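Participant: Okay, handing you the structure first.
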Amino acid sequence: MGIKERKTREKEERRIAILDAARTLLFQEGITSTSVHQIAKLTELSVGTIYLYFSSKEEIFATLQEEGLDILYAEVEEAGKSGDRAAERLVRMAQAYLDFSRNHKKYFDIFNYFISSPDVIFPPNLKNRIDKHGNRILMMVEDAIKQGITDGDFAEVNIKNSALYFWGSLHGLIQFRKLKNTMYRHENFEELYRYAARHFIQGLSRLAVDQGRPTAKKTAAVRAH
């Protein structure tokens with residue numbers, strides 16, 4: 001390995017060490033009580049070195065969220081590839097999120113920490129950065145719902161609101177996994193989770209029948225005549 005390659009590897013190792021230390025301190029102390037000095041101490045790096053990588057502690061935590069969202073995006077994208085009916089795409093996306101919450105727990109816990117926080121912690125520039133990564137995932141859900149409307153499988157609903165509701169419901173339900181050894185100890189959590197996802201999707205389908213609302217196919221047929 002040459003000098004340049006070794007320096008690149010060492011730089012990446014320091015960056016990872018900083019992120020890992022920040023994650024550890026976040027759950028031990030909370031974001032308010034975590035400082036760049038504490039992160040530097042835990043990594044055995046100088047404060048100046050930390051600032052060579054990140055401009056603030058908020059940027060460190062924003063980077064952690066971005067990394068997790070990029071992993072989640074790749075997994076949801078793979079799960080929700082087009083080619084099947086919209087309902088099946090949404091089911092696979094839901095499963096991908098559940099799998100992510102187990103296989104990448106350290107990132108899922110970061111998401112949950114900041115989503116659950118009553119305060120907006122990040123300044124607008126960092127919040128916008130994070131939101132761009134998250135919106136890419138929601139857009140895939142929206143695309144599946146839009147497909148269902150176009151194919152006539154779903155009613156004509158507010159696509160953005162439906163996508164947010166779908167994802168928010170899944171995220172909230174995952175929190176109930178904590179009850180698997182108490183009030184939910186005799187039940188299969190994964191079955192509950194899949195039931196909830198399918199129940200939501202069936203709700204989109206029933207709207208077309210129960211409310212008598214025209215599907216995209218029916219609307220097109222009426223216009224054609």
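Labels used: A, B, ... for chains in the order of the structure tokens, numbers from 1 for residues in each chain, and numbers from 1 for ligands as shown.
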Can you pull out the residues contacting Met140 in chain A? Cut-off 10 Å, using only C-alpha atoms, and skip same-chain residues under 5 positions away; I want them as a ChimeraX atom specification.

Facilitator: /A:73,76-77,80-81,89-90,93,135,145-146,163

Participant: Output C-alpha atoms for every residue in that selection, as a PDB file, in the first residue's frame.

Facilitator:
ATOM      1  CA  TYR A  73     -32.802   4.134   0.242  1.00  0.00           C
ATOM      2  CA  VAL A  76     -36.079   0.133  -0.329  1.00  0.00           C
ATOM      3  CA  GLU A  77     -35.191   0.827  -3.959  1.00  0.00           C
ATOM      4  CA  GLY A  80     -39.690  -1.736  -4.607  1.00  0.00           C
ATOM      5  CA  LYS A  81     -38.458  -2.228  -8.144  1.00  0.00           C
ATOM      6  CA  ARG A  89     -44.188  -3.262  -4.220  1.00  0.00           C
ATOM      7  CA  LEU A  90     -45.471  -1.549  -1.063  1.00  0.00           C
ATOM      8  CA  MET A  93     -40.889  -1.803   0.852  1.00  0.00           C
ATOM      9  CA  ASN A 135     -37.596  12.534   0.609  1.00  0.00           C
ATOM     10  CA  ILE A 145     -49.110   4.536  -4.889  1.00  0.00           C
ATOM     11  CA  LYS A 146     -49.278   6.519  -8.114  1.00  0.00           C
ATOM     12  CA  ALA A 163     -47.067   7.924   1.547  1.00  0.00           C
TER      13      ALA A 163
END

Participant: Hey, could you make a per-residue contact list for range 111-182 of chain A against range 11-31 of chain A with 12 Å as the cut-off, showing the nearest pair of atoms and its distance in Å to one decimal, counting only C-alpha atoms, sorted by chain and number, as a Markdown table?

Facilitator:
| residue | atom | partner | partner_atom | distance |
| --- | --- | --- | --- | --- |
| A:Phe111 | CA | A:Arg23 | CA | 11.4 |
| A:Asn112 | CA | A:Phe27 | CA | 11.3 |
| A:Tyr113 | CA | A:Phe27 | CA | 8.6 |
| A:Phe114 | CA | A:Ile31 | CA | 9.6 |
| A:Ser117 | CA | A:Ile31 | CA | 10.2 |
| A:Asp119 | CA | A:Ile31 | CA | 11.3 |
| A:Val120 | CA | A:Ile31 | CA | 11.8 |
| A:Ile121 | CA | A:Ile31 | CA | 8.7 |
| A:Phe122 | CA | A:Ile31 | CA | 10.9 |

Participant: Take the residues from that selection and put them in a file with N, CA and C atoms, as a PDB file, in the first residue's frame.

Facilitator:
ATOM      1  N   PHE A 111     -32.345   7.538  13.788  1.00  0.00           N
ATOM      2  CA  PHE A 111     -33.585   8.088  13.222  1.00  0.00           C
ATOM      3  C   PHE A 111     -34.597   8.322  14.332  1.00  0.00           C
ATOM      4  N   ASN A 112     -34.785   7.286  15.138  1.00  0.00           N
ATOM      5  CA  ASN A 112     -35.822   7.330  16.156  1.00  0.00           C
ATOM      6  C   ASN A 112     -35.544   8.423  17.184  1.00  0.00           C
ATOM      7  N   TYR A 113     -34.283   8.600  17.519  1.00  0.00           N
ATOM      8  CA  TYR A 113     -33.918   9.631  18.504  1.00  0.00           C
ATOM      9  C   TYR A 113     -34.367  11.005  18.027  1.00  0.00           C
ATOM     10  N   PHE A 114     -34.040  11.336  16.798  1.00  0.00           N
ATOM     11  CA  PHE A 114     -34.323  12.684  16.309  1.00  0.00           C
ATOM     12  C   PHE A 114     -35.784  12.860  15.903  1.00  0.00           C
ATOM     13  N   SER A 117     -37.638  13.551  19.106  1.00  0.00           N
ATOM     14  CA  SER A 117     -37.288  14.777  19.820  1.00  0.00           C
ATOM     15  C   SER A 117     -38.373  15.835  19.635  1.00  0.00           C
ATOM     16  N   ASP A 119     -38.031  18.941  19.860  1.00  0.00           N
ATOM     17  CA  ASP A 119     -37.448  20.166  19.320  1.00  0.00           C
ATOM     18  C   ASP A 119     -36.796  19.915  17.959  1.00  0.00           C
ATOM     19  N   VAL A 120     -36.751  20.955  17.140  1.00  0.00           N
ATOM     20  CA  VAL A 120     -35.997  20.903  15.894  1.00  0.00           C
ATOM     21  C   VAL A 120     -34.550  21.227  16.234  1.00  0.00           C
ATOM     22  N   ILE A 121     -33.681  20.239  16.106  1.00  0.00           N
ATOM     23  CA  ILE A 121     -32.314  20.359  16.595  1.00  0.00           C
ATOM     24  C   ILE A 121     -31.379  20.972  15.564  1.00  0.00           C
ATOM     25  N   PHE A 122     -31.644  20.720  14.297  1.00  0.00           N
ATOM     26  CA  PHE A 122     -30.697  21.102  13.261  1.00  0.00           C
ATOM     27  C   PHE A 122     -31.044  22.460  12.651  1.00  0.00           C
TER      28      PHE A 122
END

Participant: At a cut-off of 8 Å, using only C-alpha atoms, what residues contact Ala40 in chain A? Leave out same-chain residues fewer than 5 positions from it and give the result as a short mmCIF file (atom, residue, chain, number, x, y, z; two decimals) with N, CA and C atoms, in the first residue's frame.

Facilitator:
data_model
loop_
_atom_site.label_atom_id
_atom_site.label_comp_id
_atom_site.auth_asym_id
_atom_site.auth_seq_id
_atom_site.Cartn_x
_atom_site.Cartn_y
_atom_site.Cartn_z
N ILE A 18 -15.02 9.16 14.65
CA ILE A 18 -15.74 10.35 15.12
C ILE A 18 -17.24 10.08 15.14
N LEU A 45 -8.64 12.11 19.75
CA LEU A 45 -8.21 13.07 18.73
C LEU A 45 -8.31 14.47 19.31
N SER A 46 -7.62 15.40 18.70
CA SER A 46 -7.72 16.78 19.16
C SER A 46 -9.01 17.40 18.64
N VAL A 47 -9.46 18.45 19.32
CA VAL A 47 -10.65 19.16 18.87
C VAL A 47 -10.42 19.71 17.47
N ILE A 50 -11.09 17.14 14.87
CA ILE A 50 -12.53 16.93 14.65
C ILE A 50 -13.06 17.95 13.66
#

Participant: Would you list the contacts of Lys132 in chain A as an MDAnalysis selection string, taking every protein, DNA or RNA residue within 12 Å and counting only C-alpha atoms, but skipping same-chain residues closer than 4 positions in sequence?

Facilitator: chainID A and resid 62 65:66 69:70 73 125:128 136:139

Participant: Go ahead and dump the residues you just picked, N, CA and C atoms, as a tab-separated table (two decimals), in the first residue's frame.

Facilitator:
chain	number	residue	atom	x	y	z
A	62	ALA	N	-25.99	15.02	11.68
A	62	ALA	CA	-26.67	15.05	10.38
A	62	ALA	C	-26.06	14.02	9.44
A	65	GLN	N	-27.33	10.56	10.15
A	65	GLN	CA	-28.66	10.34	9.58
A	65	GLN	C	-28.59	10.14	8.07
A	66	GLU	N	-27.76	10.93	7.41
A	66	GLU	CA	-27.63	10.82	5.96
A	66	GLU	C	-27.09	9.45	5.55
A	69	LEU	N	-29.88	6.93	5.99
A	69	LEU	CA	-30.92	7.11	4.98
A	69	LEU	C	-30.46	6.61	3.61
A	70	ASP	N	-29.18	6.77	3.33
A	70	ASP	CA	-28.66	6.27	2.04
A	70	ASP	C	-28.70	4.74	1.99
A	73	TYR	N	-32.36	3.84	1.61
A	73	TYR	CA	-32.80	4.13	0.24
A	73	TYR	C	-32.44	2.99	-0.70
A	125	ASN	N	-30.01	24.65	7.11
A	125	ASN	CA	-29.17	24.07	6.04
A	125	ASN	C	-28.96	22.58	6.24
A	126	LEU	N	-28.75	22.16	7.50
A	126	LEU	CA	-28.57	20.73	7.76
A	126	LEU	C	-29.89	19.98	7.69
A	127	LYS	N	-30.96	20.62	8.16
A	127	LYS	CA	-32.30	20.00	8.09
A	127	LYS	C	-32.65	19.73	6.63
A	128	ASN	N	-32.35	20.68	5.77
A	128	ASN	CA	-32.65	20.49	4.34
A	128	ASN	C	-31.82	19.35	3.75
A	136	ARG	N	-36.17	11.18	-0.81
A	136	ARG	CA	-35.94	10.21	-1.91
A	136	ARG	C	-36.68	8.90	-1.62
A	137	ILE	N	-36.73	8.52	-0.35
A	137	ILE	CA	-37.41	7.29	0.03
A	137	ILE	C	-38.92	7.45	-0.09
A	138	LEU	N	-39.43	8.57	0.40
A	138	LEU	CA	-40.86	8.81	0.31
A	138	LEU	C	-41.33	8.88	-1.15
A	139	MET	N	-40.48	9.41	-2.01
A	139	MET	CA	-40.85	9.51	-3.42
A	139	MET	C	-41.03	8.12	-4.05

Participant: What separation in Å, quoted to one decimal, exists between CA of Glu142 in chain A and CA of Ala94 in chain A?

Facilitator: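 According to the coordinates, CA of Glu142 in chain A and CA of Ala94 in chain A are separated by 13.2 Å.
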
Participant: With only C-alpha atoms as the atoms that count, which of A:Ala87, A:Val157, A:Leu98, A:Ile130 lies nearest to His199 in chain A?

Facilitator: A:Ala87

Participant: Go through A:Leu204, A:Gln175, A:Ala86, A:Tyr97 and flag the residue nearest Asn158 in chain A, using only C-alpha atoms for the distances.

Facilitator: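 Among the listed residues, the smallest separation from Asn158 in chain A belongs to A:Leu204.
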
Participant: Between CA of Gly203 in chain A and CA of Ala155 in chain A, what is the distance in Å, rounded to a tenth?

Facilitator: 9.3 Å

Participant: Using only C-alpha atoms, which of A:Phe154, A:Tyr195, A:Tyr51, A:Phe61 sits nearest Leu170 in chain A?

Facilitator: A:Tyr195

Participant: Counting only C-alpha atoms, which residue out of A:Gln95, A:Arg129, A:Gln147, A:Glu187 sits closest to Trp167 in chain A?

Facilitator: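 Going through A:Gln95, A:Arg129, A:Gln147, A:Glu187 one by one, the smallest distance to Trp167 in chain A is for A:Gln95.
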
Participant: Using DSSP on the backbone coordinates, identify the residues of range 25-224 of chain A assigned to strand (DSSP E or B); present them as a VMD selection string.

Facilitator: chain A and resid 82 84 155 215

Participant: Looking at only C-alpha atoms, which of A:Glu58, A:Glu44, A:Gly83, A:Ile174 is the one that sits closest to Phe108 in chain A?

Facilitator: A:Ile174

Participant: Taking 2 positions as the minimum chain separation for residues in the same chain, which residues sit within 12 Å of Leu173 in chain A when counting only C-alpha atoms? Answer as a ChimeraX atom specification.

Facilitator: /A:94,97-98,101,165-171,175-179,189-197

Participant: Write to file, as a PDB file, in the first residue's frame, the residues of the selection just made, with C-alpha atoms.

Facilitator:
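Generated file (selection_32.pdb):
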ATOM      1  CA  ALA A  94     -42.475  -2.260   4.252  1.00  0.00           C
ATOM      2  CA  TYR A  97     -37.847  -1.079   6.488  1.00  0.00           C
ATOM      3  CA  LEU A  98     -38.411  -3.756   9.110  1.00  0.00           C
ATOM      4  CA  SER A 101     -34.437  -1.615  11.639  1.00  0.00           C
ATOM      5  CA  TYR A 165     -49.073   8.003   6.599  1.00  0.00           C
ATOM      6  CA  PHE A 166     -47.843   4.637   5.359  1.00  0.00           C
ATOM      7  CA  TRP A 167     -44.236   5.269   6.383  1.00  0.00           C
ATOM      8  CA  GLY A 168     -45.144   6.945   9.663  1.00  0.00           C
ATOM      9  CA  SER A 169     -47.395   4.030  10.614  1.00  0.00           C
ATOM     10  CA  LEU A 170     -44.647   1.510   9.914  1.00  0.00           C
ATOM     11  CA  HIS A 171     -42.097   3.480  11.933  1.00  0.00           C
ATOM     12  CA  GLN A 175     -41.615   0.724  18.414  1.00  0.00           C
ATOM     13  CA  PHE A 176     -44.034  -1.927  19.656  1.00  0.00           C
ATOM     14  CA  ARG A 177     -41.325  -4.513  19.130  1.00  0.00           C
ATOM     15  CA  LYS A 178     -40.067  -3.398  22.544  1.00  0.00           C
ATOM     16  CA  LEU A 179     -43.155  -5.037  24.056  1.00  0.00           C
ATOM     17  CA  PHE A 189     -44.563  -9.149  15.916  1.00  0.00           C
ATOM     18  CA  GLU A 190     -43.635  -9.702  12.279  1.00  0.00           C
ATOM     19  CA  GLU A 191     -47.108 -11.025  11.543  1.00  0.00           C
ATOM     20  CA  LEU A 192     -48.591  -7.911  13.150  1.00  0.00           C
ATOM     21  CA  TYR A 193     -46.293  -5.685  11.129  1.00  0.00           C
ATOM     22  CA  ARG A 194     -47.141  -7.375   7.828  1.00  0.00           C
ATOM     23  CA  TYR A 195     -50.837  -7.318   8.718  1.00  0.00           C
ATOM     24  CA  ALA A 196     -50.657  -3.555   9.322  1.00  0.00           C
ATOM     25  CA  ALA A 197     -48.901  -2.940   5.993  1.00  0.00           C
TER      26      ALA A 197
END
